file run-v6.txt (compact mmCIF, C-alpha atoms)
# COMPACT_ATOMS: atom_id res chain seq x y z
CA MET H 13 121.67 71.68 73.97
CA LYS H 14 119.43 74.49 75.23
CA LYS H 15 120.63 76.17 78.39
CA ILE H 16 118.00 77.29 80.88
CA SER H 17 118.42 79.47 83.95
CA ILE H 18 115.85 79.34 86.77
CA ILE H 19 116.01 81.99 89.49
CA GLY H 20 114.47 80.67 92.70
CA GLY H 21 114.57 77.24 94.33
CA GLY H 22 111.09 77.09 95.74
CA ALA H 23 108.03 75.15 94.58
CA SER H 24 107.67 76.63 91.09
CA GLY H 25 111.41 76.79 90.43
CA LEU H 26 111.99 73.14 91.33
CA LEU H 27 109.07 71.80 89.31
CA CYS H 28 110.04 73.89 86.30
CA ALA H 29 113.61 72.61 86.58
CA ILE H 30 112.45 68.98 86.66
CA TYR H 31 110.23 69.29 83.60
CA CYS H 32 112.91 71.13 81.64
CA ALA H 33 115.52 68.53 82.59
CA ARG H 34 113.17 65.73 81.54
CA GLN H 35 113.31 67.25 78.05
CA ASN H 36 117.10 66.94 78.10
CA LEU H 37 117.67 70.65 78.55
CA SER H 38 120.67 71.93 80.49
CA VAL H 39 119.25 73.55 83.63
CA ASP H 40 120.97 75.82 86.13
CA LEU H 41 118.89 76.68 89.19
CA PHE H 42 119.95 79.57 91.43
CA GLU H 43 118.75 79.97 95.02
CA GLN H 44 119.68 82.95 97.20
CA ASN H 45 119.36 81.01 100.47
CA GLN H 46 121.80 78.39 101.72
CA LYS H 47 119.05 75.77 101.35
CA LEU H 48 116.26 75.19 98.84
CA GLY H 49 112.53 75.36 99.56
CA LYS H 50 112.43 77.08 102.93
CA LYS H 51 108.78 78.05 102.44
CA ILE H 52 107.88 74.49 101.46
CA LEU H 53 109.28 73.26 104.78
CA VAL H 54 107.17 75.60 106.92
CA SER H 55 103.97 75.35 104.88
CA GLY H 56 100.93 73.84 106.55
CA ASN H 57 102.69 73.96 109.93
CA GLY H 58 105.31 71.59 108.58
CA ARG H 59 102.75 69.29 106.93
CA CYS H 60 102.63 71.03 103.52
CA ASN H 61 99.11 71.52 102.17
CA ILE H 62 100.55 70.76 98.74
CA THR H 63 97.48 71.39 96.53
CA ASN H 64 93.70 71.08 96.46
CA GLU H 65 91.57 68.48 94.69
CA HIS H 66 89.08 71.13 93.57
CA LEU H 67 90.76 73.91 91.59
CA SER H 68 89.00 76.83 89.97
CA SER H 69 89.75 80.43 89.04
CA ASP H 70 87.16 81.31 91.72
CA ASN H 71 89.78 80.42 94.33
CA TYR H 72 92.16 83.17 93.17
CA PHE H 73 92.43 86.95 93.43
CA SER H 74 93.99 89.09 90.73
CA GLN H 75 93.42 92.05 88.43
CA HIS H 76 92.82 89.34 85.79
CA PRO H 77 91.38 86.33 87.68
CA GLU H 78 90.58 84.42 84.47
CA PHE H 79 94.33 84.28 83.71
CA VAL H 80 94.82 81.18 85.89
CA SER H 81 92.23 79.06 84.06
CA TYR H 82 94.46 77.80 81.25
CA ALA H 83 97.20 76.76 83.66
CA LEU H 84 94.79 74.95 85.98
CA ASP H 85 93.11 73.21 83.04
CA ASN H 86 96.46 71.98 81.72
CA PHE H 87 98.07 71.09 85.02
CA GLY H 88 95.24 70.54 87.46
CA PHE H 89 95.00 68.11 90.35
CA ASN H 90 95.14 64.86 88.34
CA ALA H 91 98.18 66.00 86.37
CA PHE H 92 99.93 67.05 89.56
CA ARG H 93 99.09 63.75 91.25
CA LYS H 94 100.62 61.91 88.28
CA PHE H 95 103.75 64.03 88.59
CA CYS H 96 103.98 63.30 92.32
CA LYS H 97 103.73 59.57 91.66
CA SER H 98 106.54 59.87 89.12
CA ILE H 99 108.91 61.15 91.82
CA GLY H 100 107.68 58.72 94.48
CA LEU H 101 105.46 61.13 96.40
CA PHE H 102 102.10 59.76 97.52
CA LEU H 103 99.25 62.05 98.47
CA ASP H 104 96.64 62.14 101.22
CA ILE H 105 93.39 63.71 99.98
CA LYS H 106 91.19 65.06 102.75
CA SER H 107 87.39 65.20 102.66
CA ASP H 108 87.46 68.99 102.23
CA GLY H 109 89.70 68.73 99.15
CA LYS H 110 92.95 69.74 100.83
CA VAL H 111 95.87 67.55 99.84
CA TYR H 112 98.94 66.67 101.90
CA PRO H 113 101.87 64.32 101.37
CA LEU H 114 100.98 60.87 102.72
CA SER H 115 103.99 61.17 105.04
CA ASN H 116 102.28 64.23 106.57
CA GLU H 117 105.66 65.92 106.44
CA ALA H 118 106.74 68.88 104.29
CA ARG H 119 110.32 67.61 104.28
CA SER H 120 109.23 64.63 102.17
CA VAL H 121 108.06 67.00 99.45
CA LEU H 122 111.28 68.99 99.36
CA THR H 123 113.49 65.91 99.58
CA LEU H 124 111.85 64.18 96.63
CA LEU H 125 111.73 67.32 94.47
CA THR H 126 115.38 68.10 95.16
CA THR H 127 116.61 64.52 94.76
CA HIS H 128 114.76 64.07 91.48
CA ALA H 129 116.07 67.35 90.09
CA LYS H 130 119.65 66.40 90.94
CA LYS H 131 119.30 62.93 89.41
CA LEU H 132 118.09 64.54 86.19
CA GLY H 133 121.25 66.63 86.08
CA VAL H 134 119.89 69.98 87.26
CA ASN H 135 122.81 72.12 88.44
CA ILE H 136 121.76 73.67 91.76
CA PHE H 137 123.59 76.73 93.04
CA VAL H 138 122.66 77.81 96.56
CA ASP H 139 123.74 81.00 98.28
CA SER H 140 123.58 82.55 94.81
CA LYS H 141 121.68 85.82 94.62
CA ILE H 142 121.07 86.92 91.04
CA THR H 143 121.18 90.64 90.29
CA ASP H 144 121.60 90.87 86.51
CA VAL H 145 118.92 89.18 84.41
CA GLN H 146 120.00 91.06 81.28
CA ALA H 147 123.35 89.27 81.43
CA MET H 148 121.61 85.94 81.96
CA LEU H 149 119.51 86.37 78.85
CA LEU H 150 122.72 86.72 76.85
CA LYS H 151 124.16 83.55 78.37
CA TYR H 152 121.03 81.33 78.46
CA ASP H 153 118.38 80.40 75.91
CA ALA H 154 115.64 81.11 78.47
CA VAL H 155 115.43 82.61 81.94
CA VAL H 156 112.65 81.77 84.40
CA VAL H 157 111.93 84.13 87.28
CA ALA H 158 110.48 82.04 90.13
CA THR H 159 111.57 84.26 93.00
CA GLY H 160 108.33 84.35 94.97
CA SER H 161 107.14 87.48 96.76
CA GLN H 162 107.91 89.66 99.78
CA ALA H 163 105.95 87.31 102.05
CA ALA H 164 107.91 85.54 104.80
CA SER H 165 110.95 87.79 104.52
CA HIS H 166 112.69 85.84 107.30
CA LEU H 167 112.72 82.89 104.89
CA GLY H 168 114.11 84.97 102.04
CA GLY H 169 110.96 86.58 100.67
CA ASN H 170 111.76 89.77 98.76
CA SER H 171 110.84 91.92 95.77
CA ASP H 172 113.73 90.85 93.51
CA GLY H 173 111.42 89.35 90.89
CA LEU H 174 109.42 92.55 90.71
CA GLU H 175 112.58 94.57 90.20
CA PHE H 176 113.65 92.22 87.41
CA ALA H 177 110.27 92.73 85.75
CA ARG H 178 110.52 96.52 86.03
CA GLU H 179 113.87 96.43 84.20
CA PHE H 180 112.03 95.13 81.15
CA GLY H 181 109.21 97.67 81.38
CA HIS H 182 106.64 95.52 83.17
CA ASN H 183 103.89 97.17 85.17
CA ILE H 184 103.70 96.02 88.81
CA ILE H 185 100.36 95.72 90.59
CA GLN H 186 100.73 97.02 94.15
CA THR H 187 101.65 94.18 96.47
CA TYR H 188 100.10 93.47 99.86
CA PRO H 189 100.31 90.75 102.53
CA SER H 190 97.73 87.95 102.30
CA LEU H 191 96.91 84.96 104.50
CA VAL H 192 98.15 87.11 107.34
CA GLN H 193 97.19 88.04 110.89
CA LEU H 194 95.40 91.32 111.60
CA GLU H 195 96.48 94.04 114.02
CA THR H 196 94.37 96.19 116.33
CA ASP H 197 95.29 98.26 119.36
CA SER H 198 92.92 96.85 121.97
CA LYS H 199 93.32 96.50 125.73
CA LEU H 200 90.64 93.82 125.60
CA LEU H 201 92.64 91.67 123.18
CA LYS H 202 95.74 92.01 125.33
CA LYS H 203 93.66 90.66 128.23
CA MET H 204 92.57 87.71 126.09
CA ALA H 205 95.99 87.04 124.51
CA GLY H 206 96.72 83.34 124.21
CA ALA H 207 93.10 82.22 124.19
CA LYS H 208 91.86 80.24 121.21
CA MET H 209 88.49 78.92 120.14
CA ASN H 210 86.38 78.09 117.10
CA GLY H 211 83.90 80.72 116.05
CA GLU H 212 82.43 82.73 113.22
CA VAL H 213 84.24 85.77 111.83
CA THR H 214 82.57 88.53 109.82
CA LEU H 215 84.60 91.11 107.94
CA LEU H 216 83.02 94.55 107.57
CA ILE H 217 84.41 97.11 105.14
CA ASN H 218 83.04 100.64 105.46
CA ASN H 219 80.41 99.11 107.80
CA GLN H 220 79.17 96.72 105.10
CA VAL H 221 79.47 92.94 105.46
CA GLU H 222 82.12 91.70 103.05
CA GLN H 223 82.74 88.12 104.10
CA THR H 224 81.81 85.60 106.80
CA THR H 225 83.70 82.42 107.61
CA LYS H 226 84.06 79.89 110.41
CA GLY H 227 87.20 78.46 111.97
CA ASP H 228 89.62 78.86 114.82
CA ILE H 229 90.35 82.31 116.25
CA LEU H 230 93.51 83.08 118.21
CA PHE H 231 93.69 86.19 120.40
CA THR H 232 97.13 87.83 120.55
CA ASN H 233 98.80 90.91 122.02
CA TYR H 234 98.95 92.55 118.60
CA GLY H 235 95.50 91.49 117.34
CA LEU H 236 93.86 88.44 115.82
CA SER H 237 95.18 85.24 114.27
CA GLY H 238 93.92 81.73 113.49
CA PHE H 239 92.66 80.12 110.29
CA ALA H 240 89.37 82.06 110.25
CA ILE H 241 91.32 85.33 110.38
CA LEU H 242 93.70 84.23 107.62
CA ASP H 243 90.69 83.41 105.45
CA ILE H 244 89.37 86.99 105.60
CA SER H 245 92.78 88.65 105.50
CA GLN H 246 92.89 88.87 101.69
CA SER H 247 89.92 91.24 101.50
CA ALA H 248 90.95 93.02 104.70
CA SER H 249 94.45 93.67 103.39
CA VAL H 250 93.18 95.12 100.10
CA ALA H 251 90.71 97.37 101.94
CA LEU H 252 93.42 98.62 104.30
CA SER H 253 95.69 99.43 101.35
CA GLU H 254 92.84 101.51 99.94
CA TYR H 255 92.38 103.32 103.28
CA ARG H 256 88.90 101.95 103.84
CA SER H 257 87.43 101.26 107.28
CA VAL H 258 87.95 97.64 108.33
CA GLN H 259 86.22 95.94 111.25
CA VAL H 260 85.95 92.35 112.39
CA SER H 261 82.95 90.94 114.26
CA LEU H 262 83.51 87.74 116.23
CA ASN H 263 80.71 85.34 117.05
CA LEU H 264 82.32 83.20 119.72
CA LEU H 265 79.31 80.91 120.15
CA PRO H 266 77.72 80.41 116.72
CA SER H 267 75.69 77.43 117.97
CA PHE H 268 73.65 79.85 120.11
CA THR H 269 71.07 82.41 119.06
CA ALA H 270 71.07 85.68 120.98
CA GLN H 271 67.79 84.74 122.62
CA LYS H 272 68.96 81.27 123.63
CA LEU H 273 72.27 82.52 125.03
CA SER H 274 70.66 85.39 126.94
CA ALA H 275 68.09 83.03 128.43
CA TYR H 276 70.80 80.59 129.52
CA ILE H 277 72.89 83.30 131.23
CA LEU H 278 69.83 84.59 133.05
CA SER H 279 68.61 81.15 134.15
CA ALA H 280 72.10 80.03 135.25
CA SER H 281 72.45 83.12 137.41
CA LYS H 282 69.17 82.31 139.19
CA GLU H 283 69.26 78.53 139.35
CA ILE H 284 72.90 77.53 140.02
CA LYS H 285 73.83 78.17 143.63
CA TYR H 286 76.87 80.31 144.43
CA ILE H 287 77.87 80.67 140.78
CA THR H 288 79.54 83.89 139.65
CA LEU H 289 79.29 85.55 136.25
CA HIS H 290 82.88 84.59 135.51
CA GLU H 291 82.04 80.96 136.21
CA ILE H 292 78.99 81.11 133.95
CA LEU H 293 81.14 82.44 131.14
CA CYS H 294 83.89 79.88 131.82
CA GLY H 295 81.32 77.22 131.05
CA LEU H 296 81.00 78.72 127.58
CA VAL H 297 84.37 80.21 126.60
CA PRO H 298 88.02 79.99 127.73
CA HIS H 299 89.00 81.60 131.04
CA LYS H 300 90.86 84.56 129.48
CA ILE H 301 87.93 85.40 127.24
CA ALA H 302 85.53 85.25 130.17
CA THR H 303 87.77 87.65 132.11
CA GLY H 304 88.04 89.96 129.10
CA ILE H 305 84.29 90.09 128.49
CA ILE H 306 83.61 91.05 132.11
CA MET H 307 86.27 93.78 131.91
CA HIS H 308 84.91 94.95 128.53
CA LEU H 309 81.36 95.29 129.83
CA ASN H 310 82.46 96.65 133.22
CA VAL H 311 79.96 94.48 135.08
CA GLU H 312 80.03 92.92 138.53
CA GLU H 313 80.78 89.29 139.22
CA GLN H 314 77.74 88.81 141.45
CA THR H 315 74.93 87.10 139.61
CA SER H 316 72.35 88.90 141.72
CA THR H 317 72.83 91.93 139.47
CA ILE H 318 71.99 90.01 136.29
CA ASP H 319 68.60 90.85 134.84
CA THR H 320 67.14 90.42 131.34
CA LYS H 321 68.75 93.60 130.05
CA LEU H 322 72.22 92.66 131.28
CA SER H 323 71.98 89.05 130.08
CA LYS H 324 71.18 90.36 126.59
CA LYS H 325 74.15 92.72 126.79
CA ILE H 326 76.48 89.86 127.75
CA ALA H 327 75.06 87.63 125.00
CA ASN H 328 75.61 90.37 122.42
CA ALA H 329 79.22 90.76 123.48
CA LEU H 330 79.82 87.05 122.97
CA LEU H 331 78.02 86.91 119.62
CA ASN H 332 79.14 90.23 118.16
CA LEU H 333 82.51 91.22 119.60
CA ARG H 334 83.85 93.95 117.32
CA PHE H 335 87.35 95.21 116.70
CA THR H 336 88.60 97.94 114.37
CA ILE H 337 91.54 96.66 112.32
CA ASP H 338 94.48 99.04 112.01
CA ALA H 339 96.83 97.00 109.83
CA THR H 340 97.90 93.54 108.77
CA HIS H 341 100.77 91.90 110.64
CA GLY H 342 102.98 92.61 107.64
CA PHE H 343 104.83 90.77 104.89
CA ARG H 344 107.16 89.05 107.35
CA HIS H 345 104.28 87.13 108.90
CA ALA H 346 102.24 86.64 105.70
CA GLU H 347 102.11 83.22 104.05
CA VAL H 348 101.75 84.78 100.60
CA ALA H 349 101.41 88.16 98.92
CA GLY H 350 98.91 89.58 96.51
CA GLY H 351 99.77 91.85 93.60
CA GLY H 352 102.87 91.42 91.46
CA VAL H 353 103.75 91.39 87.77
CA ASP H 354 100.80 92.60 85.69
CA LEU H 355 99.22 89.58 83.99
CA SER H 356 98.16 91.56 80.93
CA GLU H 357 101.86 91.56 80.00
CA ILE H 358 102.34 87.78 80.36
CA ASP H 359 101.23 85.04 77.95
CA PRO H 360 98.73 82.91 79.94
CA LYS H 361 99.57 79.80 77.88
CA THR H 362 103.35 79.97 78.23
CA MET H 363 104.17 82.36 81.13
CA GLU H 364 106.51 84.18 78.75
CA SER H 365 106.84 87.95 78.98
CA TYR H 366 105.25 89.96 76.20
CA LYS H 367 107.94 92.56 76.89
CA GLN H 368 111.02 90.36 76.56
CA LYS H 369 111.46 87.22 74.49
CA ASN H 370 112.71 84.13 76.40
CA LEU H 371 111.94 85.68 79.80
CA TYR H 372 109.39 83.74 81.87
CA PHE H 373 107.64 84.38 85.18
CA CYS H 374 105.90 81.78 87.31
CA GLY H 375 104.49 81.38 90.81
CA GLU H 376 103.92 84.08 93.37
CA VAL H 377 105.89 86.82 91.59
CA LEU H 378 102.86 87.22 89.31
CA ASP H 379 99.67 89.05 90.27
CA VAL H 380 97.96 85.88 91.48
CA VAL H 381 97.16 84.94 95.06
CA GLY H 382 95.01 82.02 96.15
CA GLU H 383 92.78 81.24 99.07
CA ARG H 384 94.08 79.15 101.97
CA GLY H 385 93.88 75.44 101.30
CA GLY H 386 96.66 74.51 98.88
CA TYR H 387 95.64 76.90 96.12
CA ASN H 388 98.86 78.91 96.11
CA PHE H 389 100.97 75.78 95.71
CA ALA H 390 98.61 74.65 92.93
CA TRP H 391 99.31 77.90 91.08
CA ALA H 392 103.06 77.52 91.59
CA TRP H 393 103.02 74.01 90.11
CA ALA H 394 100.70 74.86 87.20
CA SER H 395 102.46 78.06 86.10
CA ALA H 396 105.88 76.38 86.35
CA TYR H 397 104.65 73.51 84.20
CA LEU H 398 103.47 75.86 81.44
CA ALA H 399 106.80 77.71 81.45
CA ALA H 400 108.72 74.44 81.18
CA GLN H 401 106.53 73.15 78.36
CA SER H 402 106.89 76.35 76.39
CA ILE H 403 110.68 76.41 76.81
CA SER H 404 110.93 72.75 75.79
CA VAL H 405 109.09 73.08 72.49
CA LYS H 406 110.69 76.34 71.34
call {"tool": "encode", "arguments": {"input": "run-v6.txt", "output": "structure tokens"}}
result
Amino acid sequence: MKKISIIGGGASGLLCAIYCARQNLSVDLFEQNQKLGKKILVSGNGRCNITNEHLSSDNYFSQHPEFVSYALDNFGFNAFRKFCKSIGLFLDIKSDGKVYPLSNEARSVLTLLTTHAKKLGVNIFVDSKITDVQAMLLKYDAVVVATGSQAASHLGGNSDGLEFAREFGHNIIQTYPSLVQLETDSKLLKKMAGAKMNGEVTLLINNQVEQTTKGDILFTNYGLSGFAILDISQSASVALSEYRSVQVSLNLLPSFTAQKLSAYILSASKEIKYITLHEILCGLVPHKIATGIIMHLNVEEQTSTIDTKLSKKIANALLNLRFTIDATHGFRHAEVAGGGVDLSEIDPKTMESYKQKNLYFCGEVLDVVGERGGYNFAWAWASAYLAAQSISVK
């Protein structure tokens, strides 16, 4: 009987173990943490955005973005849904294509993956940090590196998989945090810390518009967070790593035009008795943001001072509030990481290394990172499936 070693008990490691075990292979799975699937449990704020109904290579970033196509074609959404049904996991497909477990709980995903693996005879070793892959290749017929990336280091994220790859001569594409908050040293943001609202975010790189998206924006002491910020963080992180200028423009009231908002501020100041500028702004944005805007513009509270010029200035601040980004919030706070093992040295149909026979890589350790919305899980499942299929038929 073939003996298979899988290093990493996350999403890709567990699925690979299940498919290998279904082919009556002897599978040993090693996890460095005391428990499996820590990142699964925290994903989607504990709900686990497990995949996306609409998968395409356009949703991924890499030095070789076309690499993911074969995996997604062979283990796309329908194949994954069939797998989930086979382990008793039902899915909830949202109108935007995001997919969650029907239980709306990440623990359901981990429980069913783990239980099924154990019932198939997978030997699971927790608290087992692997340091010598060379020795494993002598002991096992195949070794799968499913160690993840440096993202979420407090959950065990590290660069072990990259170091394993280097031992066999693999090139490593520089890694960087992705789906991560952005940092900026701003007194204004500190004043607004804790405030949250939906708006439009525009990323500017070297003063050129790179990307615009809508979603929630969270103001923090260190900078900016929220889903809209995570959505632009991929491009922002790459630009920062290349020492390019990165700015973010926030449109806090995208339903207004500049002319309409300016006219409202001016008319409110003249027509509503006893109202202050702060009160006008509180009718539009959260209290802390209103306070911050007034401080930022250094204007008086009395509405008697508001004229057309000032109302336009206030409107501009609300529709084009700019911050210079100094850094990302780092790997510890990132959901995923970009960069990784160079895909030109991996077989896209099997996930086997071109450098070392019987050595496989799958999931986030490779130079593949997806957009927010279940795409990174989709890649973990699909790449793990290809590795398992290749090992099974060898």
call {"tool": "closest_residue", "arguments": {"input": "run-v6.txt", "among": "H:Ala339, H:Ala33, H:Ala118, H:Leu84", "to": "Ile18 (chain H)", "atoms": "all atoms listed in the file"}}
result
H:Ala33
call {"tool": "closest_residue", "arguments": {"input": "run-v6.txt", "among": "H:Trp391, H:Tyr152, H:Phe79, H:Tyr188", "to": "Ala248 (chain H)", "atoms": "only C-alpha atoms"}}
result
H:Tyr188
call {"tool": "closest_residue", "arguments": {"input": "run-v6.txt", "among": "H:Gln146, H:Asn61, H:Ser247, H:Gln314", "to": "Leu191 (chain H)", "atoms": "all atoms listed in the file"}}
result
H:Ser247
call {"tool": "atom_distance", "arguments": {"input": "run-v6.txt", "atom1": "CA of Ala147 (chain H)", "atom2": "CA of Lys369 (chain H)"}}
result
13.9 Å
call {"tool": "atom_distance", "arguments": {"input": "run-v6.txt", "atom1": "CA of Met13 (chain H)", "atom2": "CA of Cys374 (chain H)"}}
result
23.0 Å
call {"tool": "closest_residue", "arguments": {"input": "run-v6.txt", "among": "H:Ala154, H:Lys282, H:Leu242, H:Lys226", "to": "Glu364 (chain H)", "atoms": "only C-alpha atoms"}}
result
H:Ala154
call {"tool": "residues_around", "arguments": {"input": "run-v6.txt", "residues": "Asn310 (chain H)", "least_positions_apart": "4", "cutoff": "12 Å", "atoms": "all atoms listed in the file", "output": "list in words"}}
result
Leu200, Leu289, Thr303, Gly304, Ile305, Ile306, Leu322, Lys325, Ile326 and Ala329 of chain H
call {"tool": "write_last_selection", "arguments": {"input": "run-v6.txt", "atoms": "C-alpha atoms", "output": "CSV table (one decimal), in the frame of the given file"}}
result
chain,number,residue,atom,x,y,z
H,200,LEU,CA,90.6,93.8,125.6
H,289,LEU,CA,79.3,85.6,136.2
H,303,THR,CA,87.8,87.6,132.1
H,304,GLY,CA,88.0,90.0,129.1
H,305,ILE,CA,84.3,90.1,128.5
H,306,ILE,CA,83.6,91.0,132.1
H,322,LEU,CA,72.2,92.7,131.3
H,325,LYS,CA,74.2,92.7,126.8
H,326,ILE,CA,76.5,89.9,127.8
H,329,ALA,CA,79.2,90.8,123.5
call {"tool": "closest_residue", "arguments": {"input": "run-v6.txt", "among": "H:Tyr72, H:Tyr82, H:Tyr112, H:Phe389", "to": "Glu347 (chain H)", "atoms": "all atoms listed in the file"}}
result
H:Phe389
call {"tool": "closest_residue", "arguments": {"input": "run-v6.txt", "among": "H:Leu150, H:Ile244, H:Ala399, H:Val80", "to": "Val380 (chain H)", "atoms": "all atoms listed in the file"}}
result
H:Val80
call {"tool": "atom_distance", "arguments": {"input": "run-v6.txt", "atom1": "CA of Val192 (chain H)", "atom2": "CA of Leu296 (chain H)"}}
result
27.8 Å
call {"tool": "residues_near_point", "arguments": {"input": "run-v6.txt", "point": "(106.0, 61.1, 104.9)", "cutoff": "12 Å", "atoms": "all atoms listed in the file", "output": "PyMOL selection string"}}
result
chain H and resi 58-60+100-104+112-124
call {"tool": "residues_around", "arguments": {"input": "run-v6.txt", "residues": "Asn36 (chain H)", "least_positions_apart": "6", "cutoff": "12 Å", "atoms": "all atoms listed in the file", "output": "list of chain:residue names"}}
result
H:Met13, H:Lys14, H:Lys15, H:Ile16, H:Ala29, H:Ile30, H:Leu132, H:Gly133, H:Val134, H:Ala400, H:Ile403, H:Ser404, H:Val405
call {"tool": "residues_around", "arguments": {"input": "run-v6.txt", "residues": "Leu26 (chain H)", "least_positions_apart": "6", "cutoff": "12 Å", "atoms": "only C-alpha atoms", "output": "mmCIF file with C-alpha atoms, keeping the file's coordinate frame"}}
result
data_model
loop_
_atom_site.group_PDB
_atom_site.id
_atom_site.type_symbol
_atom_site.label_atom_id
_atom_site.label_comp_id
_atom_site.auth_asym_id
_atom_site.auth_seq_id
_atom_site.Cartn_x
_atom_site.Cartn_y
_atom_site.Cartn_z
ATOM 1 C CA SER H 17 118.420 79.470 83.950
ATOM 2 C CA ILE H 18 115.850 79.340 86.770
ATOM 3 C CA ILE H 19 116.010 81.990 89.490
ATOM 4 C CA GLY H 20 114.470 80.670 92.700
ATOM 5 C CA CYS H 32 112.910 71.130 81.640
ATOM 6 C CA ALA H 33 115.520 68.530 82.590
ATOM 7 C CA VAL H 39 119.250 73.550 83.630
ATOM 8 C CA ASP H 40 120.970 75.820 86.130
ATOM 9 C CA LEU H 41 118.890 76.680 89.190
ATOM 10 C CA PHE H 42 119.950 79.570 91.430
ATOM 11 C CA GLU H 43 118.750 79.970 95.020
ATOM 12 C CA LEU H 48 116.260 75.190 98.840
ATOM 13 C CA GLY H 49 112.530 75.360 99.560
ATOM 14 C CA ILE H 52 107.880 74.490 101.460
ATOM 15 C CA VAL H 121 108.060 67.000 99.450
ATOM 16 C CA LEU H 122 111.280 68.990 99.360
ATOM 17 C CA THR H 123 113.490 65.910 99.580
ATOM 18 C CA LEU H 124 111.850 64.180 96.630
ATOM 19 C CA LEU H 125 111.730 67.320 94.470
ATOM 20 C CA THR H 126 115.380 68.100 95.160
ATOM 21 C CA THR H 127 116.610 64.520 94.760
ATOM 22 C CA HIS H 128 114.760 64.070 91.480
ATOM 23 C CA ALA H 129 116.070 67.350 90.090
ATOM 24 C CA LYS H 130 119.650 66.400 90.940
ATOM 25 C CA LEU H 132 118.090 64.540 86.190
ATOM 26 C CA VAL H 134 119.890 69.980 87.260
ATOM 27 C CA ASN H 135 122.810 72.120 88.440
ATOM 28 C CA ILE H 136 121.760 73.670 91.760
ATOM 29 C CA VAL H 156 112.650 81.770 84.400
ATOM 30 C CA VAL H 157 111.930 84.130 87.280
ATOM 31 C CA ALA H 158 110.480 82.040 90.130
ATOM 32 C CA THR H 159 111.570 84.260 93.000
ATOM 33 C CA CYS H 374 105.900 81.780 87.310
ATOM 34 C CA GLY H 375 104.490 81.380 90.810
ATOM 35 C CA ALA H 392 103.060 77.520 91.590
ATOM 36 C CA TRP H 393 103.020 74.010 90.110
ATOM 37 C CA SER H 395 102.460 78.060 86.100
ATOM 38 C CA ALA H 396 105.880 76.380 86.350
ATOM 39 C CA TYR H 397 104.650 73.510 84.200
ATOM 40 C CA ALA H 400 108.720 74.440 81.180
#
call {"tool": "residues_around", "arguments": {"input": "run-v6.txt", "residues": "Val221 (chain H)", "least_positions_apart": "3", "cutoff": "12 Å", "atoms": "all atoms listed in the file", "output": "VMD selection string"}}
result
chain H and resid 213 to 218 224 to 225 244 247 to 248 257 to 261
call {"tool": "decode", "arguments": {"input": "run-v6.txt", "residues": "region 201-234 of chain H", "atoms": "C-alpha atoms", "output": "PDB file, in the first residue's frame"}}
result
ATOM      1  CA  LEU H 201      -7.801  58.897  11.573  1.00  0.00           C
ATOM      2  CA  LYS H 202      -7.036  58.656  15.269  1.00  0.00           C
ATOM      3  CA  LYS H 203      -9.849  61.160  15.845  1.00  0.00           C
ATOM      4  CA  MET H 204     -12.202  59.004  13.767  1.00  0.00           C
ATOM      5  CA  ALA H 205     -11.070  55.646  15.200  1.00  0.00           C
ATOM      6  CA  GLY H 206     -13.973  53.281  15.752  1.00  0.00           C
ATOM      7  CA  ALA H 207     -16.272  54.875  13.187  1.00  0.00           C
ATOM      8  CA  LYS H 208     -17.564  52.702  10.369  1.00  0.00           C
ATOM      9  CA  MET H 209     -19.635  53.354   7.269  1.00  0.00           C
ATOM     10  CA  ASN H 210     -20.202  52.193   3.708  1.00  0.00           C
ATOM     11  CA  GLY H 211     -18.474  54.197   1.029  1.00  0.00           C
ATOM     12  CA  GLU H 212     -16.373  54.126  -2.102  1.00  0.00           C
ATOM     13  CA  VAL H 213     -12.624  53.568  -1.942  1.00  0.00           C
ATOM     14  CA  THR H 214     -10.188  54.522  -4.703  1.00  0.00           C
ATOM     15  CA  LEU H 215      -6.602  53.291  -4.687  1.00  0.00           C
ATOM     16  CA  LEU H 216      -4.042  55.588  -6.294  1.00  0.00           C
ATOM     17  CA  ILE H 217      -0.543  54.361  -7.120  1.00  0.00           C
ATOM     18  CA  ASN H 218       1.974  57.032  -8.108  1.00  0.00           C
ATOM     19  CA  ASN H 219      -1.040  59.408  -8.306  1.00  0.00           C
ATOM     20  CA  GLN H 220      -2.779  57.232 -10.918  1.00  0.00           C
ATOM     21  CA  VAL H 221      -6.107  55.528 -10.217  1.00  0.00           C
ATOM     22  CA  GLU H 222      -5.503  51.792  -9.877  1.00  0.00           C
ATOM     23  CA  GLN H 223      -8.758  50.448  -8.479  1.00  0.00           C
ATOM     24  CA  THR H 224     -12.134  51.598  -7.143  1.00  0.00           C
ATOM     25  CA  THR H 225     -14.495  49.532  -5.019  1.00  0.00           C
ATOM     26  CA  LYS H 226     -17.443  49.982  -2.682  1.00  0.00           C
ATOM     27  CA  GLY H 227     -18.027  48.504   0.758  1.00  0.00           C
ATOM     28  CA  ASP H 228     -17.664  49.150   4.436  1.00  0.00           C
ATOM     29  CA  ILE H 229     -14.787  51.281   5.733  1.00  0.00           C
ATOM     30  CA  LEU H 230     -13.555  51.084   9.319  1.00  0.00           C
ATOM     31  CA  PHE H 231     -11.416  53.876  10.760  1.00  0.00           C
ATOM     32  CA  THR H 232      -8.765  52.727  13.256  1.00  0.00           C
ATOM     33  CA  ASN H 233      -5.884  54.159  15.282  1.00  0.00           C
ATOM     34  CA  TYR H 234      -3.360  52.587  12.938  1.00  0.00           C
TER      35      TYR H 234
END
